[in-house]
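Asker: One structure, as structure tokens, below. Some questions next.
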Amino acid sequence: MGTVSMTGVSKVFGGPQGVRALDNVDVHLAEGEFMALLGPSGCGKSTLLNMVAGFEGLTEGAISFDGKSVVKPGPDRGVVFQEAALLPWLNVWQNVIFGPQVQGVPRSDYEPRAKEILRVVGLEAFHDALPAQLSGGMRQRVGIARALVMQPRALLMDEPFGALDAQTRLSMQQLLLDVWQTFKTTVLFVTHDIDEAILLADRVCIMTARPGRITRDIPITLPRPRSIDHLLTPDFVQFKAEIMAEMRGAH
Amino acid sequence: MTTLTSAARPRRLTGRLVVPKAGAIVLALILPIALVALWQASGTNGALFGGALPTPDRAWNAWVTWAFGPKGMGLNPYSGTWAESVVFSAIRVAKGFALAIVIGVPLGIAIGWWKLFAMVVDPTIQWLRPVPITAWLPISIAIFGISDFGSVFLITIGAFYPIVINTTHGTRDVEKNWIRAALMMGSSPFTVLRRVVLPAALPSIFTGLRIGLGIAWTAVIVSEMVAVKSGLGYVLWDAYYVGRMDIVIADMVSIGLLGYLSDFLIVRVEHWVLRWRRLQSFNA
Ligand SMILES: Nc1ncnc2c1ncn2[C@@H]1O[C@H](COP(=O)(O)OP(=O)(O)OP(=O)(O)O)[C@@H](O)[C@H]1O
Ligand SMILES: [Mg+2]
């Protein structure tokens, strides 16, 4: 459950003569695997994630999720957006339970779970706050909570911590590590931060731009469970050196 | 050496002008009181422009009789009829405006949401829109006669356009990621419409409602001048014909106040419904 497979995926924007954002991408994610997609701005990371989410169609190739071809978005793939994309007229609680609610899940089913997740992300006290009354990091945590509450088989996260300050970022990374350790969902995580990719992922796929391609697929064998303390270990630095060399070579 | 006094402190961008409620009312009354005083002072023997325009005190006296005078006295046909005229006009506005909302909001959402529907319906609306409500009067009278519904019909037409256009605009303007998020969470297309598109379009819809309500008051007065025999518009024209300019003035002020009051109601509702929106804006 939660397997993603992309074979020969290409994406051309704006007709046959348009921008070739992705070219012949092959990626496979096993159940419970945490994969980070690392690459420079404009290389097609968001495009790839949006296609797995079902937000955008593909030009060539095939994407399947749990063996079924992806045609539209659905609650089996929880998406965490870069700018949270909360519904601003709903308070924290209403945003978090939006998914189960519109799916017609009985209240007694989702309520305890939603409460627990709100506690895990540390937002119990902000139950009734509107998104405009939260900080960026808090909004991002609501975005994660609303994806988790659906118990998706995969989490698709597009630079979810990109807009955060270093300190909040670290605590969010720790939070995500803990959450993943508990739920073991498949995660596709887009970032352009090398440290973040190594710290979180089982595999780091490195992309290059124009056309967008995956050039390297590096397994990160750091032990689990991880914490932000791993950022300082020699093994970590070793991986970082390898990835930096790869990215330099690619330019 | 200069010292920064509190008055000199820059506060345009950071600080906000804070005026207590009573102060705000006083500020709002300065201009109208000054204008009325000027008008009163310019009159000679209770009139201006060689008798064409009465002074405010005479308009006030006319209003007092119109509002509170004994009814059915042959000499003054207006005496004691103000309230019923107001009620006639207000009910017509309420009916026509409600009808315009019931038609305009769903239609605007449909136009904004379905491209094909927009391509079929929108051009027709845009062609009909330049036809002013006054141009609809003959048709309205021909079809509905001198009846209440003729007036309601004109009000509906007048209020409909701003409501439908602003609703369409609000619907098209919804952030892509809000819709994507809702779909990702398992919403059906109808749920997206009801729980994302409609609330997201509400700020624009309220703009349409406020403009539409203003036009509704114009439409009720115009239609009552011609197409019905009651209400403030009817009294306005009737009073003009018999040379009662004091009643005309009192009538105009009444229209202004009613329009102001009904707009105030909408603003209160908007204020309450769009709290989330106020929290996001700079001037909150
Ligand atoms: N809707 C679109 N129409 C045309 N071109 C697009 C569209 N969306 C993306 N592109 C192009 O596709 C390429 C990849 O864009 P994408 O958003 O996937 O990059 P990214 O890797 O996510 O970059 P960043 O790290 O800056 O978010 C870019 O060259 C961009 O210009
Ligand atoms: Mg991106």
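Residue numbers start at 1 in each chain; chains themselves are named A, B, ... in the order of the structure tokens; ligands are numbered from 1 in the order shown.
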As a quick test: using only C-alpha atoms and all ligand atoms, which residues lie no more than 8 Å away from ligand 2? Give them as a ChimeraX atom specification.

Answerer: /A:41-42,44-47,158-159,190

Asker: Enumerate as a PyMOL selection string the residues belonging to chain B that approach chain A to within 12 Å, with only C-alpha atoms taken into account.

Answerer: chain B and resi 174-192+194-203+272-282+284

Asker: Grab me every residue within 12 Å of ligand 1, counting only C-alpha atoms and all ligand atoms, and send it over as a PyMOL selection string.

Answerer: (chain A and resi 10-15+17-23+37-51+55-57+81-83+157-160+162-163+189-193+206-214) or (chain B and resi 176)

Asker: Near Ile266 of chain B, counting only C-alpha atoms, which residues have an atom at most 12 Å away, once you skip same-chain residues fewer than 4 positions from it, shown as number ranges by chain?

Answerer: B: 205-214, 259-262, 270-274

Asker: What is the atom CA of Val120 of chain A to atom CA of Leu156 of chain A distance in Å?

Answerer: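 So the two atoms, atom CA of Val120 of chain A and atom CA of Leu156 of chain A, lie 19.4 Å apart.
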
Asker: Using only C-alpha atoms, which residue out of B:Phe117, B:Trp127, B:Tyr78, B:Phe68 lies closest to Tyr161 of chain B?

Answerer: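 Closest candidate: B:Trp127.
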
Asker: Quick check for you: according to DSSP on this backbone, which residues of segment 1-246 of chain B are classed as helix (DSSP H, G or I)? Reply as a PyMOL selection string.

Answerer: chain B and resi 21-42+49-51+56-68+82-113+115-128+133-144+148-172+176-184+189-226+232-241+245-246

Asker: Got a sec: who's within 12 Å of segment 40-54 of chain B, counting only C-alpha atoms, leaving out chain neighbours fewer than 6 positions off, as a VMD selection string?

Answerer: chain B and resid 33 to 34 60 to 62 240 243 to 250

Asker: Store the residues picked out above, limited to N, CA, C and O atoms, as a JSON list (two decimals), in the first residue's frame.

Answerer:
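Saved result, result09.json, follows:
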[["chain", "number", "residue", "atom", "x", "y", "z"],
["B", 33, "ILE", "N", -24.38, 69.02, 8.59],
["B", 33, "ILE", "CA", -24.90, 70.15, 9.37],
["B", 33, "ILE", "C", -24.44, 71.47, 8.75],
["B", 33, "ILE", "O", -25.22, 72.42, 8.60],
["B", 34, "ALA", "N", -23.18, 71.50, 8.33],
["B", 34, "ALA", "CA", -22.66, 72.72, 7.71],
["B", 34, "ALA", "C", -23.41, 73.04, 6.42],
["B", 34, "ALA", "O", -23.78, 74.20, 6.17],
["B", 60, "TRP", "N", -38.51, 70.58, 6.69],
["B", 60, "TRP", "CA", -38.67, 69.85, 7.96],
["B", 60, "TRP", "C", -40.12, 69.90, 8.43],
["B", 60, "TRP", "O", -40.70, 68.86, 8.78],
["B", 61, "ASN", "N", -40.72, 71.09, 8.39],
["B", 61, "ASN", "CA", -42.12, 71.21, 8.81],
["B", 61, "ASN", "C", -43.03, 70.36, 7.93],
["B", 61, "ASN", "O", -43.97, 69.73, 8.41],
["B", 62, "ALA", "N", -42.74, 70.37, 6.62],
["B", 62, "ALA", "CA", -43.55, 69.58, 5.69],
["B", 62, "ALA", "C", -43.44, 68.10, 6.05],
["B", 62, "ALA", "O", -44.43, 67.37, 6.03],
["B", 240, "TYR", "N", -44.11, 67.23, -6.90],
["B", 240, "TYR", "CA", -43.51, 68.16, -7.86],
["B", 240, "TYR", "C", -44.60, 68.78, -8.74],
["B", 240, "TYR", "O", -44.61, 69.99, -8.98],
["B", 243, "GLY", "N", -46.48, 71.40, -7.08],
["B", 243, "GLY", "CA", -45.64, 72.49, -6.59],
["B", 243, "GLY", "C", -45.26, 72.40, -5.12],
["B", 243, "GLY", "O", -44.91, 73.41, -4.51],
["B", 244, "ARG", "N", -45.34, 71.22, -4.53],
["B", 244, "ARG", "CA", -44.95, 71.09, -3.12],
["B", 244, "ARG", "C", -43.46, 70.71, -3.03],
["B", 244, "ARG", "O", -43.11, 69.59, -2.67],
["B", 245, "MET", "N", -42.59, 71.68, -3.31],
["B", 245, "MET", "CA", -41.16, 71.38, -3.29],
["B", 245, "MET", "C", -40.66, 71.01, -1.90],
["B", 245, "MET", "O", -39.66, 70.31, -1.75],
["B", 246, "ASP", "N", -41.36, 71.48, -0.86],
["B", 246, "ASP", "CA", -40.95, 71.10, 0.50],
["B", 246, "ASP", "C", -41.11, 69.59, 0.70],
["B", 246, "ASP", "O", -40.26, 68.93, 1.31],
["B", 247, "ILE", "N", -42.20, 69.04, 0.13],
["B", 247, "ILE", "CA", -42.39, 67.58, 0.21],
["B", 247, "ILE", "C", -41.33, 66.86, -0.63],
["B", 247, "ILE", "O", -40.78, 65.83, -0.23],
["B", 248, "VAL", "N", -41.03, 67.45, -1.79],
["B", 248, "VAL", "CA", -40.00, 66.85, -2.66],
["B", 248, "VAL", "C", -38.69, 66.71, -1.89],
["B", 248, "VAL", "O", -38.06, 65.65, -1.89],
["B", 249, "ILE", "N", -38.30, 67.78, -1.21],
["B", 249, "ILE", "CA", -37.05, 67.74, -0.44],
["B", 249, "ILE", "C", -37.13, 66.70, 0.68],
["B", 249, "ILE", "O", -36.23, 65.87, 0.85],
["B", 250, "ALA", "N", -38.23, 66.72, 1.42],
["B", 250, "ALA", "CA", -38.39, 65.75, 2.52],
["B", 250, "ALA", "C", -38.35, 64.32, 1.99],
["B", 250, "ALA", "O", -37.79, 63.41, 2.62]]
